[in-house]
>>> print(open('input_15.cif').read())   # mmCIF, C-alpha atoms
data_upload
loop_
_atom_site.label_atom_id
_atom_site.label_comp_id
_atom_site.auth_asym_id
_atom_site.auth_seq_id
_atom_site.Cartn_x
_atom_site.Cartn_y
_atom_site.Cartn_z
CA MET S 249 76.62 230.29 130.69
CA ASP S 250 73.48 228.37 129.75
CA LEU S 251 71.41 231.40 130.64
CA VAL S 252 73.47 233.65 128.36
CA LEU S 253 73.13 231.20 125.46
CA THR S 254 69.38 230.88 126.04
CA LEU S 255 69.06 234.66 126.01
CA ILE S 256 71.05 234.88 122.77
CA THR S 257 68.76 232.24 121.24
CA ILE S 258 65.61 234.07 122.31
CA VAL S 259 66.79 237.47 121.07
CA CYS S 260 68.07 236.10 117.75
CA LEU S 261 64.92 234.09 117.07
CA LEU S 262 62.71 237.11 117.86
CA VAL S 263 64.74 239.41 115.60
CA GLY S 264 64.74 236.77 112.85
CA CYS S 265 60.96 236.38 113.14
CA PHE S 266 60.57 240.16 112.99
CA PHE S 267 62.52 240.39 109.72
CA SER S 268 60.64 237.45 108.19
CA LEU S 269 57.34 239.05 109.20
CA THR S 270 58.52 242.34 107.70
CA GLY S 271 59.17 240.49 104.46
CA ALA S 272 55.61 239.15 104.43
CA VAL S 273 54.05 242.51 105.30
CA GLY S 274 56.17 244.23 102.66
CA LEU S 275 55.04 241.70 100.09
CA LEU S 276 51.43 242.65 100.78
CA ARG S 277 51.92 246.41 101.00
CA MET S 278 54.16 247.16 98.00
CA PRO S 279 52.48 248.46 94.85
CA ASP S 280 53.94 246.30 92.08
CA PHE S 281 55.94 243.21 91.22
CA TYR S 282 59.41 244.77 91.32
CA THR S 283 58.95 246.62 94.59
CA ARG S 284 57.45 243.50 96.16
CA LEU S 285 60.62 241.55 95.49
CA HIS S 286 62.64 243.92 97.67
CA PRO S 287 61.12 243.03 101.06
CA ALA S 288 60.21 239.47 100.06
CA GLY S 289 63.60 238.36 98.81
CA LYS S 290 65.87 240.16 101.21
CA ASN S 291 64.35 240.66 104.62
CA ASP S 292 63.95 236.89 104.54
CA THR S 293 67.70 236.35 104.09
CA LEU S 294 68.43 238.39 107.19
CA GLY S 295 65.61 236.56 108.97
CA VAL S 296 67.30 233.24 108.16
CA LEU S 297 70.65 234.61 109.32
CA PHE S 298 69.27 235.55 112.73
CA ILE S 299 67.21 232.39 113.19
CA VAL S 300 70.22 230.19 112.39
CA THR S 301 72.43 232.24 114.73
CA GLY S 302 69.89 231.57 117.46
CA LEU S 303 69.90 227.85 116.70
CA LEU S 304 73.70 227.87 116.69
CA ALA S 305 73.69 229.18 120.26
CA GLU S 306 71.31 226.33 121.10
CA THR S 307 73.65 223.69 119.63
CA LEU S 308 76.43 225.13 121.81
CA LYS S 309 74.24 224.88 124.88
CA TYR S 310 73.39 221.21 124.36
CA ASP S 311 76.85 220.42 123.03
CA TYR S 312 75.75 218.90 119.73
CA GLY S 313 79.28 219.00 118.40
CA PHE S 314 81.08 220.62 115.51
CA PHE S 315 79.29 219.01 112.57
CA VAL S 316 75.77 220.12 113.47
CA GLY S 317 76.95 223.72 113.85
CA ALA S 318 78.88 223.56 110.58
CA LYS S 319 75.74 222.39 108.75
CA LEU S 320 73.78 225.31 110.18
CA VAL S 321 76.43 227.71 108.90
CA LEU S 322 76.19 226.03 105.49
CA VAL S 323 72.42 226.63 105.47
CA VAL S 324 73.07 230.38 105.81
CA LEU S 325 75.75 230.24 103.12
CA PHE S 326 73.45 228.54 100.62
CA VAL S 327 70.54 230.87 101.31
CA PHE S 328 72.85 233.85 100.76
CA LEU S 329 74.11 232.37 97.50
CA THR S 330 70.80 231.21 96.04
CA ALA S 331 68.27 233.81 97.24
CA PRO S 332 69.74 236.64 95.12
CA ALA S 333 69.96 234.33 92.11
CA ALA S 334 66.26 233.48 92.44
CA THR S 335 65.28 237.14 92.91
CA HIS S 336 67.40 238.11 89.91
CA ALA S 337 65.85 235.37 87.76
CA LEU S 338 62.33 236.57 88.66
CA THR S 339 63.08 240.24 87.94
CA GLN S 340 64.84 239.48 84.69
CA ALA S 341 61.97 237.28 83.51
CA ALA S 342 59.46 240.02 84.34
CA PHE S 343 61.60 242.66 82.67
CA LEU S 344 62.10 240.66 79.48
CA GLU S 345 58.33 240.06 79.35
CA GLY S 346 57.93 243.85 79.24
CA LEU S 347 56.49 244.49 82.68
CA LYS S 348 57.09 248.15 83.49
CA PRO S 349 58.19 249.17 86.97
CA TRP S 350 55.68 251.26 88.92
CA GLY S 351 56.44 254.91 89.62
CA CYS S 352 59.68 254.99 87.66
CA ASN S 353 60.76 257.55 85.13
CA THR S 354 60.99 255.19 82.20
CA SER S 355 62.61 257.61 79.78
CA ASP S 356 65.36 255.00 79.36
CA PRO S 357 64.99 253.58 75.84
CA ALA S 358 65.32 250.08 77.26
CA LEU S 359 62.09 250.62 79.21
CA GLY S 360 60.32 252.63 76.51
CA GLY S 361 57.59 255.15 77.17
CA GLU S 362 56.52 257.56 79.88
CA GLU S 363 56.24 257.32 83.60
CA THR S 364 53.79 254.72 84.84
CA THR S 365 52.04 255.61 88.06
CA ASP S 366 48.99 253.41 87.75
CA ILE S 367 49.64 249.77 88.55
CA ALA S 368 47.32 248.58 85.81
CA GLU S 369 49.18 250.67 83.24
CA GLY S 370 52.46 249.02 84.05
CA VAL S 371 51.10 245.55 83.57
CA ARG S 372 51.35 244.20 80.06
CA ASP S 373 48.28 242.57 78.59
CA VAL S 374 48.81 238.84 78.48
CA MET P 1201 95.97 220.52 87.04
CA LEU P 1202 96.30 222.73 90.11
CA ARG P 1203 92.67 223.71 89.69
CA HIS P 1204 91.58 220.08 89.49
CA LEU P 1205 93.40 219.38 92.73
CA THR P 1206 91.98 222.47 94.46
CA LEU P 1207 88.43 221.58 93.45
CA PHE P 1208 88.93 217.98 94.54
CA LEU P 1209 90.23 219.02 97.96
CA VAL P 1210 87.44 221.54 98.48
CA LEU P 1211 84.85 218.92 97.54
CA LEU P 1212 86.45 216.40 99.86
CA ALA P 1213 86.48 218.86 102.75
CA PHE P 1214 82.82 219.58 102.03
CA TRP P 1215 82.01 215.87 101.94
CA VAL P 1216 83.72 215.27 105.29
CA LEU P 1217 81.86 218.25 106.75
CA LEU P 1218 78.46 216.93 105.66
CA SER P 1219 79.02 213.27 106.42
CA GLY P 1220 80.99 213.66 109.65
CA GLN P 1221 83.22 210.73 108.68
CA VAL P 1222 86.42 211.36 110.60
CA ASP P 1223 86.78 208.01 112.37
CA PHE P 1224 88.48 205.19 110.44
CA SER P 1225 88.67 202.51 113.12
CA GLN P 1226 86.14 200.15 111.51
CA SER P 1227 86.16 198.70 108.01
CA HIS P 1228 82.75 200.07 106.98
CA GLN P 1229 83.92 203.56 107.93
CA ARG P 1230 86.94 203.16 105.67
CA TYR P 1231 84.61 201.89 102.93
CA LEU P 1232 82.36 204.96 103.29
CA PHE P 1233 85.33 207.30 103.10
CA GLY P 1234 86.46 205.48 99.95
CA CYS P 1235 83.02 206.12 98.45
CA GLY P 1236 83.44 209.79 99.34
CA LEU P 1237 86.82 209.89 97.61
CA VAL P 1238 85.40 208.28 94.47
CA SER P 1239 82.42 210.62 94.27
CA CYS P 1240 84.62 213.70 94.77
CA ALA P 1241 86.95 212.51 92.01
CA LEU P 1242 83.95 211.87 89.76
CA ALA P 1243 82.54 215.35 90.44
CA THR P 1244 85.93 216.89 89.62
CA LEU P 1245 86.07 214.98 86.32
CA VAL P 1246 82.56 216.05 85.37
CA ALA P 1247 83.37 219.68 86.25
CA ALA P 1248 86.44 219.51 84.02
CA ARG P 1249 84.39 217.96 81.19
CA VAL P 1250 81.78 220.75 81.21
CA GLY P 1251 84.52 223.42 81.23
CA PHE P 1252 83.87 224.69 84.73
CA LEU P 1253 87.59 224.74 85.51
CA TYR P 1254 88.68 226.78 82.51
CA GLU P 1255 87.23 230.09 83.61
CA GLU P 1256 89.83 232.83 83.10
CA GLY P 1257 91.23 234.82 86.00
CA ASP P 1258 92.41 234.13 89.52
CA PHE P 1259 89.48 232.01 90.66
CA THR P 1260 90.90 230.68 93.92
CA GLY P 1261 92.43 234.07 94.80
CA ILE P 1262 89.08 235.82 94.52
CA ALA P 1263 87.45 233.13 96.63
CA LEU P 1264 90.12 233.39 99.33
CA ARG P 1265 90.14 237.20 99.52
CA GLN P 1266 86.40 237.29 100.31
CA GLY P 1267 86.85 237.65 104.08
CA PRO P 1268 86.98 241.43 104.66
CA TYR P 1269 84.56 241.99 101.80
CA LEU P 1270 81.99 239.65 103.35
CA VAL P 1271 82.22 241.46 106.69
CA TRP P 1272 81.70 244.80 104.95
CA LEU P 1273 78.82 243.34 102.91
CA LEU P 1274 77.15 241.98 106.04
CA GLY P 1275 77.25 245.47 107.55
CA GLN P 1276 75.67 246.89 104.40
CA ILE P 1277 72.98 244.19 104.41
CA LEU P 1278 72.12 244.94 108.05
CA ALA P 1279 71.96 248.70 107.53
CA SER P 1280 69.84 248.62 104.40
CA ASN P 1281 67.64 245.84 105.77
CA LEU P 1282 66.71 248.11 108.67
CA ASP P 1283 66.02 250.88 106.15
CA VAL P 1284 63.70 248.68 104.08
CA ALA P 1285 62.00 247.37 107.25
CA ARG P 1286 61.36 250.95 108.38
CA ARG P 1287 59.82 251.81 105.01
CA VAL P 1288 57.63 248.69 105.01
CA TRP P 1289 56.18 249.48 108.45
CA SER P 1290 55.82 253.24 107.97
CA PRO P 1291 52.16 254.14 107.38
CA LYS P 1292 53.01 256.36 104.40
CA LEU P 1293 54.90 253.58 102.55
CA ASP P 1294 57.81 255.89 101.85
CA ILE P 1295 59.16 254.53 98.54
CA SER P 1296 60.24 256.10 95.26
CA PRO P 1297 61.34 253.33 92.91
CA GLU P 1298 63.92 254.00 90.24
CA VAL P 1299 65.64 252.12 87.44
CA LEU P 1300 69.38 252.74 87.17
CA ARG P 1301 72.12 251.78 84.77
CA ILE P 1302 75.47 251.27 86.45
CA PRO P 1303 78.59 250.55 84.38
CA TYR P 1304 80.82 247.72 85.55
CA GLU P 1305 84.47 247.10 84.76
CA THR P 1306 85.03 243.69 86.34
CA GLU P 1307 87.25 241.45 84.24
CA THR P 1308 86.16 237.96 85.24
CA ASP P 1309 82.69 236.46 85.18
CA LEU P 1310 83.09 235.47 88.82
CA ALA P 1311 83.64 239.07 89.95
CA THR P 1312 80.65 240.20 87.89
CA VAL P 1313 78.51 237.56 89.56
CA ILE P 1314 79.80 238.61 93.00
CA TYR P 1315 78.91 242.22 92.21
CA ALA P 1316 75.43 241.44 90.84
CA ASN P 1317 74.75 239.05 93.72
CA SER P 1318 75.85 241.67 96.27
CA ILE P 1319 73.54 244.24 94.68
CA THR P 1320 70.60 241.88 95.01
CA LEU P 1321 71.56 240.84 98.55
CA THR P 1322 71.61 244.45 99.71
CA PRO P 1323 67.96 245.28 100.30
CA GLY P 1324 66.58 248.17 98.31
CA THR P 1325 68.38 247.21 95.11
CA VAL P 1326 67.89 244.30 92.69
CA SER P 1327 70.02 243.65 89.63
CA VAL P 1328 67.54 243.19 86.80
CA MET P 1329 69.76 242.48 83.84
CA ILE P 1330 73.41 242.47 82.82
CA ASP P 1331 73.97 244.22 79.51
CA GLU P 1332 77.19 242.60 78.34
CA GLU P 1333 77.51 244.70 75.19
CA ARG P 1334 77.30 248.06 76.92
CA ARG P 1335 78.92 246.65 80.08
CA GLU P 1336 76.17 247.97 82.31
CA ILE P 1337 74.01 246.45 84.99
CA LEU P 1338 70.36 247.43 85.00
CA ILE P 1339 69.21 247.93 88.57
CA HIS P 1340 65.80 248.40 90.15
CA ALA P 1341 66.04 250.43 93.35
CA LEU P 1342 63.32 250.87 95.96
CA THR P 1343 64.43 254.42 96.73
CA LYS P 1344 66.33 257.10 94.86
CA GLY P 1345 69.97 257.99 95.43
CA LYS P 1346 71.44 254.47 95.60
CA GLY P 1347 74.07 255.20 92.92
CA PRO P 1348 77.07 256.26 95.07
CA SER P 1349 76.92 253.29 97.45
CA LEU P 1350 76.67 250.89 94.51
CA ARG P 1351 79.76 252.45 92.92
CA GLN P 1352 81.58 252.05 96.21
CA MET P 1353 80.61 248.37 96.19
CA HIS P 1354 81.89 248.08 92.62
CA ASP P 1355 85.29 249.46 93.65
CA ARG P 1356 85.49 246.92 96.45
CA VAL P 1357 84.72 244.03 94.10
CA ARG P 1358 87.36 245.36 91.70
CA ARG P 1359 89.90 245.32 94.51
CA LEU P 1360 89.05 241.67 95.25
CA GLU P 1361 89.96 240.90 91.68
CA LYS P 1362 93.10 243.01 91.34
CA LYS P 1363 95.16 242.21 94.43
CA ALA P 1364 96.66 239.12 92.74
#
>>> encode(input="input_15.cif", output="structure tokens")
Amino acid sequence: MDLVLTLITIVCLLVGCFFSLTGAVGLLRMPDFYTRLHPAGKNDTLGVLFIVTGLLAETLKYDYGFFVGAKLVLVVLFVFLTAPAATHALTQAAFLEGLKPWGCNTSDPALGGEETTDIAEGVRDV
Amino acid sequence: MLRHLTLFLVLLAFWVLLSGQVDFSQSHQRYLFGCGLVSCALATLVAARVGFLYEEGDFTGIALRQGPYLVWLLGQILASNLDVARRVWSPKLDISPEVLRIPYETETDLATVIYANSITLTPGTVSVMIDEERREILIHALTKGKGPSLRQMHDRVRRLEKKA
């Protein structure tokens, strides 16, 4: 039983680390602000989910009791509630400032103007 | 009044969960639990004062019917997370960003928030802005063709709201 739980912990932690790393790599590789938010904000949430699942298996193994596990579940819950709000706040702020998304057909009157393919073009002069 | 009571009980359950106070054999434990009761009551009063409890619609019902929706959402998050991860690691960086406008017909603010939050949680799409006048959500998508799955998500959120 302990062996199974240890294996679950190892697998979950590795998968969680992989998704967190993907978030970081995505942040560096994406071309502009909006596209960067996709891997940064979200792969991290899944990373947290897996890491906490791994830790949950560990609390079962050492018999830490109900309350420790419940707090771990709450950590996931709060990350899932707050991470999208933070991402949304960032995008909205950028959008209201007039930052144009890279590579989009911005024929929408709300975005105004033609397609921006150059990163520098999309960035408003500040 | 029912809402006050519901909020109070939820807060109390939360307080017990965080503090781990379930043993009342000693006087200081009873004192601590009393403190918990007082602070939960205070939080309920403050919430009522700032108008948090007077949101229209079936607030508790929506919260309680989340179960199947959350399971479905988790599946979506997993699937699209793998998709985004694949695109991040692919040498070509296979992305084609797009800005979409999706109409929403949710009646309560809570359902709108659930919908917008779900859009942002699902990797590959971020809700940029909610246009309350035109009743549309402005969405930035990492790849094209996200429209149908977002509409499907909208229908599911609507069902959460309606089943009352």
>>> closest_residue(input="input_15.cif", among="P:Ile1314, P:Leu1217, P:Met1201, P:Leu1360", to="chain S", atoms="all atoms listed in the file")
P:Leu1217
>>> interface_residues(input="input_15.cif", of="chain S", to="chain P", cutoff="8 Å", atoms="all atoms listed in the file", output="JSON, numbers by chain")
{"S": [267, 270, 271, 273, 274, 277, 278, 282, 283, 286, 287, 290, 291, 294, 315, 318, 319, 328, 329, 331, 332, 333, 335, 336, 339, 340, 343, 349, 350, 351, 352, 353, 354]}
>>> write_last_selection(input="input_15.cif", atoms="C-alpha atoms", output="PDB file, in the frame of the given file")
ATOM      1  CA  PHE S 267      62.520 240.390 109.720  1.00  0.00           C
ATOM      2  CA  THR S 270      58.520 242.340 107.700  1.00  0.00           C
ATOM      3  CA  GLY S 271      59.170 240.490 104.460  1.00  0.00           C
ATOM      4  CA  VAL S 273      54.050 242.510 105.300  1.00  0.00           C
ATOM      5  CA  GLY S 274      56.170 244.230 102.660  1.00  0.00           C
ATOM      6  CA  ARG S 277      51.920 246.410 101.000  1.00  0.00           C
ATOM      7  CA  MET S 278      54.160 247.160  98.000  1.00  0.00           C
ATOM      8  CA  TYR S 282      59.410 244.770  91.320  1.00  0.00           C
ATOM      9  CA  THR S 283      58.950 246.620  94.590  1.00  0.00           C
ATOM     10  CA  HIS S 286      62.640 243.920  97.670  1.00  0.00           C
ATOM     11  CA  PRO S 287      61.120 243.030 101.060  1.00  0.00           C
ATOM     12  CA  LYS S 290      65.870 240.160 101.210  1.00  0.00           C
ATOM     13  CA  ASN S 291      64.350 240.660 104.620  1.00  0.00           C
ATOM     14  CA  LEU S 294      68.430 238.390 107.190  1.00  0.00           C
ATOM     15  CA  PHE S 315      79.290 219.010 112.570  1.00  0.00           C
ATOM     16  CA  ALA S 318      78.880 223.560 110.580  1.00  0.00           C
ATOM     17  CA  LYS S 319      75.740 222.390 108.750  1.00  0.00           C
ATOM     18  CA  PHE S 328      72.850 233.850 100.760  1.00  0.00           C
ATOM     19  CA  LEU S 329      74.110 232.370  97.500  1.00  0.00           C
ATOM     20  CA  ALA S 331      68.270 233.810  97.240  1.00  0.00           C
ATOM     21  CA  PRO S 332      69.740 236.640  95.120  1.00  0.00           C
ATOM     22  CA  ALA S 333      69.960 234.330  92.110  1.00  0.00           C
ATOM     23  CA  THR S 335      65.280 237.140  92.910  1.00  0.00           C
ATOM     24  CA  HIS S 336      67.400 238.110  89.910  1.00  0.00           C
ATOM     25  CA  THR S 339      63.080 240.240  87.940  1.00  0.00           C
ATOM     26  CA  GLN S 340      64.840 239.480  84.690  1.00  0.00           C
ATOM     27  CA  PHE S 343      61.600 242.660  82.670  1.00  0.00           C
ATOM     28  CA  PRO S 349      58.190 249.170  86.970  1.00  0.00           C
ATOM     29  CA  TRP S 350      55.680 251.260  88.920  1.00  0.00           C
ATOM     30  CA  GLY S 351      56.440 254.910  89.620  1.00  0.00           C
ATOM     31  CA  CYS S 352      59.680 254.990  87.660  1.00  0.00           C
ATOM     32  CA  ASN S 353      60.760 257.550  85.130  1.00  0.00           C
ATOM     33  CA  THR S 354      60.990 255.190  82.200  1.00  0.00           C
TER      34      THR S 354
END
>>> residues_around(input="input_15.cif", residues="S:Ser268", least_positions_apart="3", cutoff="7 Å", atoms="all atoms listed in the file", output="mmCIF file with C-alpha atoms, in the coordinates of the input")
data_model
loop_
_atom_site.group_PDB
_atom_site.id
_atom_site.type_symbol
_atom_site.label_atom_id
_atom_site.label_comp_id
_atom_site.auth_asym_id
_atom_site.auth_seq_id
_atom_site.Cartn_x
_atom_site.Cartn_y
_atom_site.Cartn_z
ATOM 1 C CA GLY S 264 64.740 236.770 112.850
ATOM 2 C CA CYS S 265 60.960 236.380 113.140
ATOM 3 C CA GLY S 271 59.170 240.490 104.460
ATOM 4 C CA ALA S 272 55.610 239.150 104.430
ATOM 5 C CA ASN S 291 64.350 240.660 104.620
ATOM 6 C CA ASP S 292 63.950 236.890 104.540
ATOM 7 C CA GLY S 295 65.610 236.560 108.970
#
>>> atom_distance(input="input_15.cif", atom1="atom CA of P:Tyr1315", atom2="atom CA of S:Lys348")
24.2 Å
>>> closest_residue(input="input_15.cif", among="S:Leu285, S:Val296, S:Leu262, S:Lys309", to="S:Leu322", atoms="all atoms listed in the file")
S:Val296
>>> atom_distance(input="input_15.cif", atom1="atom CA of P:Phe1224", atom2="atom CA of P:Ala1241")
19.9 Å
>>> closest_residue(input="input_15.cif", among="P:His1204, P:Asp1309, P:Gly1234, P:Val1210", to="P:Arg1249", atoms="only C-alpha atoms")
P:His1204
>>> residues_around(input="input_15.cif", residues="P:Asp1223", least_positions_apart="5", cutoff="10 Å", atoms="all atoms listed in the file", output="PDB file with C-alpha atoms, keeping the file's coordinate frame")
ATOM      1  CA  GLN P1229      83.920 203.560 107.930  1.00  0.00           C
ATOM      2  CA  ARG P1230      86.940 203.160 105.670  1.00  0.00           C
ATOM      3  CA  PHE P1233      85.330 207.300 103.100  1.00  0.00           C
TER       4      PHE P1233
END
>>> closest_residue(input="input_15.cif", among="S:Asp280, S:Tyr310, S:Val316, S:Ala288", to="S:Met249", atoms="all atoms listed in the file")
S:Tyr310
>>> atom_distance(input="input_15.cif", atom1="atom CA of P:Thr1308", atom2="atom CA of S:Thr330")
20.0 Å
>>> resolve_selection(input="input_15.cif", expression="the PyMOL selection byres ((chain S and resi 320) around 12)", output="MDAnalysis selection string")
(chainID S and resid 296:308 312:319 321:327) or (chainID P and resid 1217:1218)
>>> residues_around(input="input_15.cif", residues="P:Glu1307", least_positions_apart="2", cutoff="9 Å", atoms="only C-alpha atoms", output="compact mmCIF listing (two decimals) with C-alpha atoms, in the coordinates of the input")
# COMPACT_ATOMS: atom_id res chain seq x y z
CA GLY P 1257 91.23 234.82 86.00
CA GLU P 1305 84.47 247.10 84.76
CA ASP P 1309 82.69 236.46 85.18
CA LEU P 1310 83.09 235.47 88.82
CA ALA P 1311 83.64 239.07 89.95
CA THR P 1312 80.65 240.20 87.89
CA ARG P 1358 87.36 245.36 91.70
CA GLU P 1361 89.96 240.90 91.68
